[in-house]
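Enquirer: Input file: start-v4.cif. Contents: mmCIF, C-alpha atoms.
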data_query
loop_
_atom_site.label_atom_id
_atom_site.label_comp_id
_atom_site.auth_asym_id
_atom_site.auth_seq_id
_atom_site.Cartn_x
_atom_site.Cartn_y
_atom_site.Cartn_z
CA MET A 184 0.00 0.00 0.00
CA PRO A 185 1.70 3.23 -1.09
CA ARG A 186 2.41 5.64 1.76
CA ILE A 187 0.91 8.60 -0.08
CA HIS A 188 -2.46 6.90 -0.25
CA PHE A 189 -2.32 6.34 3.51
CA HIS A 190 -1.62 10.01 4.11
CA GLN A 191 -4.59 10.92 1.94
CA GLN A 192 -6.73 8.71 4.11
CA LEU A 193 -5.37 10.36 7.26
CA ALA A 194 -6.25 13.74 5.73
CA GLU A 195 -9.76 12.50 5.04
CA LEU A 196 -10.03 11.19 8.60
CA LYS A 197 -9.08 14.67 9.79
CA ASP A 198 -11.76 16.21 7.54
CA LYS A 199 -14.36 13.88 8.97
CA LEU A 200 -13.30 14.78 12.49
CA LEU A 201 -13.70 18.47 11.66
CA ALA A 202 -17.22 17.83 10.37
CA MET A 203 -18.00 15.94 13.56
CA ALA A 204 -16.61 18.81 15.66
CA ALA A 205 -18.66 21.32 13.70
CA LEU A 206 -21.82 19.32 14.38
CA ALA A 207 -21.02 19.15 18.09
CA GLN A 208 -20.44 22.91 18.19
CA GLN A 209 -23.70 23.54 16.37
CA ALA A 210 -25.51 21.25 18.80
CA LEU A 211 -24.15 23.19 21.75
CA GLU A 212 -24.89 26.62 20.28
CA SER A 213 -28.38 25.70 19.14
CA ALA A 214 -29.21 24.10 22.49
CA VAL A 215 -28.11 27.17 24.46
CA ASP A 216 -30.04 29.45 22.09
CA ALA A 217 -33.08 27.18 22.37
CA TYR A 218 -32.93 27.41 26.17
CA LEU A 219 -32.37 31.16 26.29
CA GLN A 220 -35.07 31.94 23.72
CA ARG A 221 -37.47 29.16 24.79
CA ASP A 222 -37.54 28.10 21.15
CA LYS A 223 -39.23 24.78 20.44
CA GLY A 224 -38.14 24.80 16.80
CA LEU A 225 -34.53 25.01 17.87
CA CYS A 226 -35.04 22.04 20.22
CA LYS A 227 -36.12 20.03 17.20
CA TYR A 228 -33.08 21.25 15.33
CA VAL A 229 -30.83 19.99 18.14
CA LYS A 230 -32.53 16.61 17.96
CA GLN A 231 -32.05 16.33 14.20
CA ASN A 232 -28.51 17.50 14.64
CA GLU A 233 -27.95 14.71 17.14
CA THR A 234 -29.04 12.13 14.59
CA ALA A 235 -26.56 13.64 12.17
CA ILE A 236 -23.87 13.46 14.85
CA ASN A 237 -24.54 9.78 15.41
CA THR A 238 -24.29 9.10 11.69
CA ALA A 239 -21.05 11.08 11.46
CA GLU A 240 -19.63 9.28 14.51
CA ARG A 241 -20.26 5.88 12.96
CA GLY A 242 -18.69 6.93 9.64
CA LEU A 243 -15.60 8.28 11.37
CA ASP A 244 -15.19 5.22 13.60
CA GLU A 245 -15.54 2.86 10.65
CA MET A 246 -12.88 4.72 8.73
CA ALA A 247 -10.52 4.80 11.71
CA TYR A 248 -10.89 1.08 12.41
CA GLU A 249 -10.40 0.25 8.74
CA LEU A 250 -7.22 2.31 8.70
CA LEU A 251 -5.97 0.49 11.79
CA ALA A 252 -6.79 -2.91 10.34
CA LYS A 253 -5.47 -2.42 6.82
CA GLU A 254 -2.56 -0.07 7.19
CA GLN A 255 -0.80 -1.19 10.36
CA PRO A 256 0.22 2.42 10.98
CA MET A 257 3.51 3.28 12.65
CA ALA A 258 3.67 4.52 16.22
CA ILE A 259 2.92 8.20 15.70
CA ASP A 260 0.15 7.65 13.15
CA LEU A 261 -1.25 4.88 15.32
CA ARG A 262 -1.47 7.25 18.28
CA PHE A 263 -3.10 9.87 16.06
CA ILE A 264 -5.79 7.45 14.91
CA LEU A 265 -6.39 6.30 18.49
CA ALA A 266 -6.70 9.94 19.56
CA VAL A 267 -9.23 10.56 16.79
CA ILE A 268 -11.31 7.59 17.95
CA LYS A 269 -11.37 8.92 21.51
CA ILE A 270 -12.08 12.49 20.43
CA ASN A 271 -14.90 11.21 18.24
CA GLY A 272 -16.51 9.68 21.32
CA ASP A 273 -16.21 12.90 23.30
CA LEU A 274 -17.77 14.90 20.47
CA GLU A 275 -20.67 12.48 20.34
CA ARG A 276 -21.21 12.93 24.06
CA ILE A 277 -21.20 16.69 23.58
CA GLY A 278 -24.15 16.05 21.27
CA ASP A 279 -25.82 14.00 24.02
CA GLN A 280 -25.36 16.75 26.59
CA SER A 281 -26.75 19.29 24.13
CA MET A 282 -29.80 17.06 23.72
CA GLY A 283 -30.08 17.16 27.52
CA ILE A 284 -30.28 20.94 27.37
CA ALA A 285 -32.91 20.74 24.61
CA ARG A 286 -34.96 18.33 26.74
CA ARG A 287 -34.78 20.67 29.75
CA THR A 288 -35.86 23.48 27.45
CA LYS A 289 -38.93 21.61 26.29
CA GLU A 290 -39.84 20.95 29.92
CA ILE A 291 -39.57 24.61 30.93
CA LEU A 292 -41.87 25.68 28.11
CA ALA A 293 -44.74 24.49 30.31
CA LEU A 294 -43.53 26.62 33.20
CA GLU A 295 -43.84 30.32 33.91
CA GLU A 296 -40.95 32.24 32.35
CA ILE A 297 -38.56 33.73 34.90
CA GLU A 298 -35.05 35.10 34.69
CA LEU A 299 -32.46 33.02 36.49
CA PRO A 300 -29.34 34.57 38.08
CA VAL A 301 -27.01 32.61 35.77
CA ASP A 302 -25.19 33.72 32.63
CA PHE A 303 -25.89 30.60 30.55
CA ALA A 304 -24.85 32.40 27.35
CA ALA A 305 -21.38 33.03 28.77
CA MET A 306 -21.09 29.42 29.94
CA GLY A 307 -22.11 28.17 26.51
CA GLU A 308 -19.67 30.45 24.71
CA TYR A 309 -16.90 29.44 27.05
CA ALA A 310 -17.55 25.73 26.51
CA GLY A 311 -17.71 26.32 22.75
CA ARG A 312 -14.38 28.11 22.80
CA MET A 313 -12.87 25.16 24.68
CA ILE A 314 -14.06 22.71 22.01
CA ARG A 315 -12.75 24.84 19.19
CA THR A 316 -9.40 25.41 20.90
CA ALA A 317 -8.99 21.69 21.59
CA ILE A 318 -9.65 20.85 17.94
CA GLN A 319 -7.30 23.61 16.85
CA ALA A 320 -4.61 22.13 19.12
CA LEU A 321 -5.11 18.81 17.34
CA LEU A 322 -4.86 20.39 13.89
CA ASP A 323 -1.73 22.34 14.81
CA GLY A 324 -0.18 19.57 16.90
CA ASP A 325 0.15 22.19 19.63
CA ALA A 326 0.47 20.67 23.11
CA ARG A 327 0.68 24.05 24.80
CA LEU A 328 -2.63 25.11 23.26
CA ALA A 329 -4.14 21.82 24.42
CA ASP A 330 -2.83 22.52 27.93
CA SER A 331 -4.59 25.89 27.90
CA VAL A 332 -7.91 24.11 27.31
CA ARG A 333 -7.41 22.02 30.42
CA GLU A 334 -6.72 25.17 32.39
CA MET A 335 -9.92 26.74 31.02
CA ASP A 336 -11.83 23.89 32.58
CA ASP A 337 -11.33 25.34 36.09
CA GLU A 338 -13.20 28.49 35.11
CA ILE A 339 -16.29 26.68 33.89
CA ASP A 340 -16.23 24.51 37.02
CA ARG A 341 -16.35 27.74 39.00
CA MET A 342 -19.22 29.07 36.86
CA ASN A 343 -21.13 25.84 37.43
CA ARG A 344 -20.58 25.86 41.20
CA ARG A 345 -21.70 29.47 41.35
CA ALA A 346 -24.81 28.71 39.29
CA HIS A 347 -25.56 25.83 41.64
CA THR A 348 -25.21 28.01 44.77
CA ASP A 349 -27.20 30.92 43.36
CA LEU A 350 -30.02 28.70 42.13
CA LEU A 351 -30.30 26.87 45.44
CA LYS A 352 -30.51 30.27 47.11
CA LEU A 353 -33.28 31.25 44.71
CA ILE A 354 -35.20 28.09 45.65
CA GLU A 355 -34.87 28.96 49.33
CA GLU A 356 -36.08 32.51 48.79
CA LYS A 357 -38.72 31.88 46.12
CA PRO A 358 -39.84 28.26 46.41
CA GLN A 359 -42.52 28.86 43.76
CA PHE A 360 -39.70 28.88 41.18
CA THR A 361 -38.17 25.60 42.33
CA GLN A 362 -38.83 23.81 39.05
CA GLN A 363 -37.30 26.51 36.88
CA ALA A 364 -34.28 26.71 39.16
CA MET A 365 -33.82 22.94 39.13
CA LYS A 366 -33.86 22.92 35.31
CA GLY A 367 -31.30 25.71 35.42
CA ILE A 368 -29.06 23.63 37.67
CA LEU A 369 -29.27 20.75 35.21
CA VAL A 370 -28.52 22.96 32.22
CA ALA A 371 -25.47 24.42 33.98
CA LYS A 372 -24.38 20.86 34.74
CA ASN A 373 -24.82 19.89 31.06
CA LEU A 374 -22.60 22.81 30.07
CA GLU A 375 -19.99 21.86 32.61
CA ARG A 376 -20.00 18.29 31.27
CA ILE A 377 -19.57 19.60 27.73
CA ALA A 378 -16.52 21.53 28.91
CA ASP A 379 -15.23 18.31 30.52
CA HIS A 380 -15.44 16.57 27.16
CA ALA A 381 -13.51 19.45 25.58
CA ALA A 382 -10.85 18.97 28.27
CA ASN A 383 -10.79 15.23 27.48
CA ILE A 384 -10.19 16.08 23.84
CA ALA A 385 -7.28 18.29 24.89
CA THR A 386 -5.86 15.41 26.93
CA ASP A 387 -6.07 13.10 23.92
CA VAL A 388 -4.27 15.70 21.84
CA ILE A 389 -1.48 15.83 24.41
CA PHE A 390 -1.31 12.02 24.48
CA TRP A 391 -0.87 12.05 20.74
CA ILE A 392 1.74 14.81 20.64
CA ARG A 393 3.78 13.70 23.64
CA GLY A 394 3.86 10.25 22.07
CA ALA A 395 5.50 11.91 19.11
CA ASP A 396 8.30 13.08 21.40
CA VAL A 397 9.09 16.18 19.42
CA ARG A 398 6.60 18.08 17.39
CA HIS A 399 8.49 18.51 14.16
CA GLU A 400 9.12 14.80 13.90
CA LEU A 401 5.44 14.24 13.11
CA SER A 402 5.30 12.03 10.08
CA MET A 403 2.12 13.71 8.94
CA SER A 404 1.65 17.28 7.85
CA MET A 405 -1.50 18.71 9.38
CA ASP A 406 -1.44 21.73 7.11
CA MET B 115 -35.40 -1.93 -4.18
CA PRO B 116 -37.43 -1.78 -0.98
CA ARG B 117 -38.86 1.63 -0.22
CA ILE B 118 -37.72 1.56 3.39
CA HIS B 119 -34.09 1.32 2.33
CA PHE B 120 -34.57 4.35 0.11
CA HIS B 121 -35.98 6.33 3.00
CA GLN B 122 -33.00 5.35 5.13
CA GLN B 123 -30.78 6.72 2.42
CA LEU B 124 -32.76 9.96 2.30
CA ALA B 125 -32.33 10.24 6.07
CA GLU B 126 -28.60 9.73 5.68
CA LEU B 127 -28.51 12.36 2.95
CA LYS B 128 -30.21 14.73 5.37
CA ASP B 129 -27.61 13.91 8.04
CA LYS B 130 -24.79 14.63 5.62
CA LEU B 131 -26.41 17.94 4.71
CA LEU B 132 -26.60 18.87 8.39
CA ALA B 133 -22.90 18.08 8.79
CA MET B 134 -22.16 20.24 5.76
CA ALA B 135 -24.27 23.07 7.19
CA ALA B 136 -22.49 22.78 10.55
CA LEU B 137 -19.12 23.11 8.81
CA ALA B 138 -20.30 26.17 6.89
CA GLN B 139 -21.57 27.76 10.12
CA GLN B 140 -18.28 27.04 11.86
CA ALA B 141 -16.37 28.53 8.93
CA LEU B 142 -18.40 31.73 9.16
CA GLU B 143 -18.13 32.03 12.94
CA SER B 144 -14.43 31.26 13.03
CA ALA B 145 -13.72 33.69 10.19
CA VAL B 146 -15.57 36.54 11.90
CA ASP B 147 -13.82 35.79 15.20
CA ALA B 148 -10.47 35.62 13.41
CA TYR B 149 -11.10 39.05 11.88
CA LEU B 150 -12.35 40.66 15.08
CA GLN B 151 -9.56 39.22 17.23
CA ARG B 152 -6.82 39.43 14.54
CA ASP B 153 -6.15 35.76 15.27
CA LYS B 154 -3.80 34.01 12.84
CA GLY B 155 -4.46 30.60 14.40
CA LEU B 156 -8.17 30.97 13.68
CA CYS B 157 -7.38 31.87 10.05
CA LYS B 158 -5.61 28.54 9.77
CA TYR B 159 -8.61 26.84 11.35
CA VAL B 160 -10.88 28.39 8.70
CA LYS B 161 -8.58 27.09 6.00
CA GLN B 162 -8.58 23.55 7.39
CA ASN B 163 -12.30 23.78 7.83
CA GLU B 164 -12.63 24.70 4.17
CA THR B 165 -10.78 21.53 3.16
CA ALA B 166 -13.21 19.57 5.32
CA ILE B 167 -16.12 21.39 3.65
CA ASN B 168 -14.85 20.43 0.20
CA THR B 169 -14.55 16.79 1.26
CA ALA B 170 -18.05 16.84 2.75
CA GLU B 171 -19.46 18.52 -0.37
CA ARG B 172 -18.05 15.79 -2.60
CA GLY B 173 -19.39 13.03 -0.36
CA LEU B 174 -22.85 14.58 -0.29
CA ASP B 175 -22.94 15.16 -4.04
CA GLU B 176 -21.85 11.59 -4.75
CA MET B 177 -24.55 10.21 -2.51
CA ALA B 178 -27.22 12.44 -4.08
CA TYR B 179 -26.28 11.53 -7.63
CA GLU B 180 -26.16 7.85 -6.75
CA LEU B 181 -29.66 8.10 -5.28
CA LEU B 182 -30.91 9.83 -8.43
CA ALA B 183 -29.33 7.22 -10.67
CA LYS B 184 -30.29 4.10 -8.78
CA GLU B 185 -33.61 4.90 -7.20
CA GLN B 186 -35.48 6.90 -9.83
CA PRO B 187 -37.21 8.80 -7.04
CA MET B 188 -40.75 10.08 -7.39
CA ALA B 189 -41.55 13.74 -7.93
CA ILE B 190 -41.45 14.98 -4.37
CA ASP B 191 -38.34 13.01 -3.38
CA LEU B 192 -36.72 13.99 -6.64
CA ARG B 193 -37.28 17.64 -5.88
CA PHE B 194 -35.90 17.12 -2.39
CA ILE B 195 -32.70 15.56 -3.70
CA LEU B 196 -32.31 18.34 -6.27
CA ALA B 197 -32.79 20.91 -3.51
CA VAL B 198 -30.12 19.17 -1.42
CA ILE B 199 -27.67 19.31 -4.33
CA LYS B 200 -28.27 23.03 -4.78
CA ILE B 201 -28.09 23.75 -1.04
CA ASN B 202 -24.86 21.79 -0.87
CA GLY B 203 -23.36 24.13 -3.44
CA ASP B 204 -24.47 27.21 -1.53
CA LEU B 205 -22.99 25.86 1.70
CA GLU B 206 -19.70 25.24 -0.06
CA ARG B 207 -19.67 28.82 -1.29
CA ILE B 208 -20.31 30.02 2.26
CA GLY B 209 -17.05 28.23 3.07
CA ASP B 210 -15.36 30.09 0.20
CA GLN B 211 -16.61 33.45 1.40
CA SER B 212 -15.43 32.64 4.92
CA MET B 213 -12.00 31.87 3.48
CA GLY B 214 -12.18 35.32 1.88
CA ILE B 215 -12.66 36.86 5.32
CA ALA B 216 -9.74 34.81 6.68
CA ARG B 217 -7.55 36.03 3.82
CA ARG B 218 -8.50 39.66 4.50
CA THR B 219 -7.68 39.03 8.15
CA LYS B 220 -4.19 37.78 7.37
CA GLU B 221 -3.62 40.89 5.24
CA ILE B 222 -4.67 43.30 7.97
CA LEU B 223 -2.29 41.68 10.46
CA ALA B 224 0.47 43.63 8.73
CA LEU B 225 -1.43 46.91 9.15
CA GLU B 226 -1.89 49.17 12.14
CA GLU B 227 -4.87 48.08 14.23
CA ILE B 228 -7.77 50.56 14.14
CA GLU B 229 -11.40 50.30 15.07
CA LEU B 230 -13.78 50.51 12.12
CA PRO B 231 -17.29 51.99 12.43
CA VAL B 232 -18.95 48.69 11.48
CA ASP B 233 -20.55 46.06 13.69
CA PHE B 234 -19.06 43.01 11.94
CA ALA B 235 -20.02 40.75 14.87
CA ALA B 236 -23.70 41.63 14.40
CA MET B 237 -23.47 41.08 10.65
CA GLY B 238 -21.85 37.69 11.20
CA GLU B 239 -24.43 36.63 13.75
CA TYR B 240 -27.24 37.75 11.49
CA ALA B 241 -25.85 35.80 8.52
CA GLY B 242 -25.37 32.77 10.77
CA ARG B 243 -28.96 32.96 11.95
CA MET B 244 -30.11 33.09 8.33
CA ILE B 245 -28.19 29.90 7.50
CA ARG B 246 -29.55 28.08 10.52
CA THR B 247 -33.11 29.21 9.89
CA ALA B 248 -32.92 28.16 6.23
CA ILE B 249 -31.70 24.68 7.21
CA GLN B 250 -34.38 24.48 9.88
CA ALA B 251 -37.00 25.35 7.24
CA LEU B 252 -35.71 22.45 5.17
CA LEU B 253 -35.85 20.03 8.09
CA ASP B 254 -39.34 21.13 9.05
CA GLY B 255 -40.61 21.48 5.49
CA ASP B 256 -41.71 24.96 6.53
CA ALA B 257 -42.14 27.34 3.58
CA ARG B 258 -43.16 30.24 5.80
CA LEU B 259 -39.94 29.93 7.79
CA ALA B 260 -38.01 29.83 4.51
CA ASP B 261 -39.83 33.00 3.41
CA SER B 262 -38.71 34.74 6.61
CA VAL B 263 -35.08 34.06 5.66
CA ARG B 264 -35.55 35.82 2.35
CA GLU B 265 -36.99 38.78 4.19
CA MET B 266 -34.01 38.83 6.55
CA ASP B 267 -31.80 39.33 3.52
CA ASP B 268 -32.97 42.96 3.18
CA GLU B 269 -31.60 43.79 6.60
CA ILE B 270 -28.12 42.51 5.90
CA ASP B 271 -28.13 44.34 2.57
CA ARG B 272 -28.84 47.49 4.56
CA MET B 273 -26.03 46.70 7.00
CA ASN B 274 -23.65 46.18 4.10
CA ARG B 275 -24.63 49.42 2.36
CA ARG B 276 -24.19 51.32 5.60
CA ALA B 277 -20.78 49.74 6.21
CA HIS B 278 -19.82 50.71 2.68
CA THR B 279 -20.91 54.34 3.15
CA ASP B 280 -19.32 54.70 6.58
CA LEU B 281 -16.04 53.19 5.48
CA LEU B 282 -15.81 55.40 2.38
CA LYS B 283 -16.42 58.36 4.67
CA LEU B 284 -13.61 57.16 6.93
CA ILE B 285 -11.27 57.00 3.93
CA GLU B 286 -12.18 60.57 2.98
CA GLU B 287 -11.59 61.82 6.51
CA LYS B 288 -8.58 59.69 7.45
CA PRO B 289 -6.88 58.59 4.24
CA GLN B 290 -4.05 57.02 6.27
CA PHE B 291 -6.51 54.22 7.13
CA THR B 292 -7.54 53.56 3.53
CA GLN B 293 -6.19 50.01 3.49
CA GLN B 294 -7.91 48.96 6.70
CA ALA B 295 -11.18 50.50 5.52
CA MET B 296 -10.92 48.77 2.14
CA LYS B 297 -10.45 45.40 3.86
CA GLY B 298 -13.46 46.21 5.99
CA ILE B 299 -15.55 46.90 2.90
CA LEU B 300 -14.52 43.52 1.48
CA VAL B 301 -15.32 41.68 4.71
CA ALA B 302 -18.77 43.30 4.87
CA LYS B 303 -19.26 42.26 1.26
CA ASN B 304 -18.22 38.67 2.12
CA LEU B 305 -20.82 38.63 4.90
CA GLU B 306 -23.48 40.00 2.62
CA ARG B 307 -22.67 37.28 0.06
CA ILE B 308 -22.91 34.64 2.77
CA ALA B 309 -26.38 35.93 3.60
CA ASP B 310 -27.24 35.75 -0.11
CA HIS B 311 -26.33 32.07 -0.10
CA ALA B 312 -28.57 31.55 2.94
CA ALA B 313 -31.38 33.24 1.01
CA ASN B 314 -30.66 30.93 -1.96
CA ILE B 315 -30.99 27.96 0.37
CA ALA B 316 -34.36 29.30 1.53
CA THR B 317 -35.46 29.61 -2.10
CA ASP B 318 -34.48 25.99 -2.75
CA VAL B 319 -36.49 24.94 0.28
CA ILE B 320 -39.52 26.75 -1.07
CA PHE B 321 -39.01 25.15 -4.49
CA TRP B 322 -39.02 21.77 -2.83
CA ILE B 323 -42.06 22.38 -0.61
CA ARG B 324 -44.21 24.17 -3.19
CA GLY B 325 -43.49 21.26 -5.52
CA ALA B 326 -45.05 19.09 -2.87
CA ASP B 327 -48.28 21.10 -3.19
CA VAL B 328 -49.40 20.45 0.36
CA ARG B 329 -47.04 19.96 3.22
CA HIS B 330 -48.55 16.91 4.86
CA GLU B 331 -48.46 14.98 1.61
CA LEU B 332 -44.69 14.75 1.88
CA SER B 333 -43.74 11.16 1.31
CA MET B 334 -40.82 11.48 3.67
CA SER B 335 -40.92 12.13 7.37
CA MET B 336 -38.30 14.70 8.28
CA ASP B 337 -38.61 13.99 11.98
#
Show how you would write the structure in this file as structure tokens.
Expert:
Amino acid sequence: MPRIHFHQQLAELKDKLLAMAALAQQALESAVDAYLQRDKGLCKYVKQNETAINTAERGLDEMAYELLAKEQPMAIDLRFILAVIKINGDLERIGDQSMGIARRTKEILALEEIELPVDFAAMGEYAGRMIRTAIQALLDGDARLADSVREMDDEIDRMNRRAHTDLLKLIEEKPQFTQQAMKGILVAKNLERIADHAANIATDVIFWIRGADVRHELSMSMD
Amino acid sequence: MPRIHFHQQLAELKDKLLAMAALAQQALESAVDAYLQRDKGLCKYVKQNETAINTAERGLDEMAYELLAKEQPMAIDLRFILAVIKINGDLERIGDQSMGIARRTKEILALEEIELPVDFAAMGEYAGRMIRTAIQALLDGDARLADSVREMDDEIDRMNRRAHTDLLKLIEEKPQFTQQAMKGILVAKNLERIADHAANIATDVIFWIRGADVRHELSMSMD
């Protein structure tokens, strides 16, 4: 099997991973918008998006396993393909968590609309930036960038804890809004889990790069 | 060929279109962020994203043409597949326009940083909402929603004209910033073109639905 063909396949694997990442990002953004705008249509969009994510995940996994089976890749490429498989799983679970937000949203539509003391938009944007940065670290083979994603995770943990505290306080003070506050706690938790998956992706990127020992020895150009 | 298999393929075609749309959205968002934050790394991301878009476009086209050739779909499904092929092309060109923004961004990195009197973030968000709404109209088979996208196009035309006027005025008043202003004019134009493609997508959705005569006669469940 000529080496150039293998590198074409690796490039295609990378393209498929980018499509998967784009779907996960869209799921997150649409879910947060759906929640903030109480938009039922957007909830449906998130659901359809999730089906697309599952299809994309299967396609990517199949390609990765075929590459492993047929090409017997060398150490660095092997670690790259293994990283892609793991990242693929994390992206799929970002889709799941986004579906969780969409489900919460559908539930709150039946409830009186109140404003919660949580900046969900900021949490969503932050989590989205973590996903994008983690994928960028993969594309650039940049371990330091991947490290920065893991550091970002602390901030969203703080945001989540604060949301939790503030919403429990709201329940104490205004028990009539208990249901809305509980949904808010779950949505904040979903967002925190999404950020966790982004941090996992960053860890996989580091596993791949560190396995390569030095960056410029990568046998594969990611450009 | 059993009908159920054909409907599975249509569902997969829809999933691939959603992945393509997600990539186009990510290209737009990353390009606008790259421009606003003068971020070279994000420019690279847009470029790699564009490669992924081209791969996804080919895959989608191949599947659509294969369906046309093998399945001889009936009128309403035929129109759906034709709409998908056209929408696919518009999404690919949204990727191209986003690359245009990334190229402008790389050029301005060499120039002195100045603030331009244009709300590029708002234009980008507006164009992004148009894309998402057009795709949602396709998924829901909702001609009225598609119509609303075409109406949104007027607003972004206005934003673009205003950007054009304000930036020409800036050049008159502060000719030392001519280059930055010219890049700004081009970026606004890229965003306006992206919105045009979203409006094209909406038109294709209407073509598909109107061809179906009445909505609930659709032979395919988009749920």
Enquirer: Could you pull the residues within 12 Å of Thr165 of chain B, counting all atoms listed in the file, minus those fewer than 6 positions along the same chain, as a PyMOL selection string?
Expert: (chain A and resi 194-202+405-406) or (chain B and resi 134+137-138+141+158-159+171-172+206+209-210+213)
Enquirer: Just write the chosen residues, C-alpha atoms, as a CSV table (one decimal), keeping the file's coordinate frame.
Expert:
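Heads up, here's the output in again_12.csv:
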chain,number,residue,atom,x,y,z
A,194,ALA,CA,-6.2,13.7,5.7
A,195,GLU,CA,-9.8,12.5,5.0
A,196,LEU,CA,-10.0,11.2,8.6
A,197,LYS,CA,-9.1,14.7,9.8
A,198,ASP,CA,-11.8,16.2,7.5
A,199,LYS,CA,-14.4,13.9,9.0
A,200,LEU,CA,-13.3,14.8,12.5
A,201,LEU,CA,-13.7,18.5,11.7
A,202,ALA,CA,-17.2,17.8,10.4
A,405,MET,CA,-1.5,18.7,9.4
A,406,ASP,CA,-1.4,21.7,7.1
B,134,MET,CA,-22.2,20.2,5.8
B,137,LEU,CA,-19.1,23.1,8.8
B,138,ALA,CA,-20.3,26.2,6.9
B,141,ALA,CA,-16.4,28.5,8.9
B,158,LYS,CA,-5.6,28.5,9.8
B,159,TYR,CA,-8.6,26.8,11.4
B,171,GLU,CA,-19.5,18.5,-0.4
B,172,ARG,CA,-18.0,15.8,-2.6
B,206,GLU,CA,-19.7,25.2,-0.1
B,209,GLY,CA,-17.0,28.2,3.1
B,210,ASP,CA,-15.4,30.1,0.2
B,213,MET,CA,-12.0,31.9,3.5
Enquirer: Written as a ChimeraX atom specification, which residues does the PyMOL selection byres ((chain A and resi 223) around 12) give for the file shown?
Expert: /A:213-214,216-222,224-230,284-293 /B:250,254
Enquirer: Residues as selected, C-alpha atoms, written as a PDB file, in the coordinates of the input, can you do that?
Expert:
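Saved as result_33.pdb:
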ATOM      1  CA  SER A 213     -28.380  25.700  19.140  1.00  0.00           C
ATOM      2  CA  ALA A 214     -29.210  24.100  22.490  1.00  0.00           C
ATOM      3  CA  ASP A 216     -30.040  29.450  22.090  1.00  0.00           C
ATOM      4  CA  ALA A 217     -33.080  27.180  22.370  1.00  0.00           C
ATOM      5  CA  TYR A 218     -32.930  27.410  26.170  1.00  0.00           C
ATOM      6  CA  LEU A 219     -32.370  31.160  26.290  1.00  0.00           C
ATOM      7  CA  GLN A 220     -35.070  31.940  23.720  1.00  0.00           C
ATOM      8  CA  ARG A 221     -37.470  29.160  24.790  1.00  0.00           C
ATOM      9  CA  ASP A 222     -37.540  28.100  21.150  1.00  0.00           C
ATOM     10  CA  GLY A 224     -38.140  24.800  16.800  1.00  0.00           C
ATOM     11  CA  LEU A 225     -34.530  25.010  17.870  1.00  0.00           C
ATOM     12  CA  CYS A 226     -35.040  22.040  20.220  1.00  0.00           C
ATOM     13  CA  LYS A 227     -36.120  20.030  17.200  1.00  0.00           C
ATOM     14  CA  TYR A 228     -33.080  21.250  15.330  1.00  0.00           C
ATOM     15  CA  VAL A 229     -30.830  19.990  18.140  1.00  0.00           C
ATOM     16  CA  LYS A 230     -32.530  16.610  17.960  1.00  0.00           C
ATOM     17  CA  ILE A 284     -30.280  20.940  27.370  1.00  0.00           C
ATOM     18  CA  ALA A 285     -32.910  20.740  24.610  1.00  0.00           C
ATOM     19  CA  ARG A 286     -34.960  18.330  26.740  1.00  0.00           C
ATOM     20  CA  ARG A 287     -34.780  20.670  29.750  1.00  0.00           C
ATOM     21  CA  THR A 288     -35.860  23.480  27.450  1.00  0.00           C
ATOM     22  CA  LYS A 289     -38.930  21.610  26.290  1.00  0.00           C
ATOM     23  CA  GLU A 290     -39.840  20.950  29.920  1.00  0.00           C
ATOM     24  CA  ILE A 291     -39.570  24.610  30.930  1.00  0.00           C
ATOM     25  CA  LEU A 292     -41.870  25.680  28.110  1.00  0.00           C
ATOM     26  CA  ALA A 293     -44.740  24.490  30.310  1.00  0.00           C
TER      27      ALA A 293
ATOM     28  CA  GLN B 250     -34.380  24.480   9.880  1.00  0.00           C
ATOM     29  CA  ASP B 254     -39.340  21.130   9.050  1.00  0.00           C
TER      30      ASP B 254
END
Enquirer: Quick one: everything within 8 Å of segment 324-336 of chain A, counting all atoms listed in the file, minus sequence neighbours fewer than 3 positions away in the same chain. Send it as a count of residues only.
Expert: 19
Enquirer: So for segment 236-250 of chain A, what box centre and size do we get, axis-aligned, 3 Å extra on each of the six sides, every listed atom, Å to one decimal, as JSON?
Expert:
{"center_x": -15.9, "center_y": 6.9, "center_z": 12.1, "size_x": 23.3, "size_y": 19.2, "size_z": 12.7}
Enquirer: Which residues come within 12 Å of segment 342-349 of chain A, counting all atoms listed in the file, excluding same-chain residues fewer than 6 positions away, as a PyMOL selection string?
Expert: chain A and resi 299-307+309-310+335-336+355-357+364-379
Enquirer: Between atom CA of Ile259 of chain A and atom CA of Gly394 of chain A, measure the distance and give it in Å to one decimal.
Expert: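 The value is 6.8 Å.
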Enquirer: Please report the interatomic distance between atom CA of Leu274 of chain A and atom CA of Ile245 of chain B in Å with one decimal.
Expert: 22.4 Å
Enquirer: Go through B:Ile249, B:Ile315, B:Val146, B:Ala189 and flag the residue nearest chain A, using only C-alpha atoms for the distances.
Expert: B:Ile249
Enquirer: Can you work out the spacing between atom CA of Glu245 of chain A and atom CA of Leu253 of chain B in Å, to one decimal?
Expert: 26.7 Å
Enquirer: From the set A:Glu249, A:Glu233, A:Asp244, A:Asp260, which residue has the shortest atom-to-atom contact distance to chain B, counting only C-alpha atoms?
Expert: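 Checking each of A:Glu249, A:Glu233, A:Asp244, A:Asp260 against chain B, counting only C-alpha atoms, the winner is A:Glu233.
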Enquirer: Would you kindly return, as number ranges by chain, each protein, DNA or RNA residue with an atom no farther than 9 Å from any atom of Phe321 of chain B, considering all atoms listed in the file and excluding same-chain residues fewer than 6 positions away?
Expert: B: 193-194, 197, 257
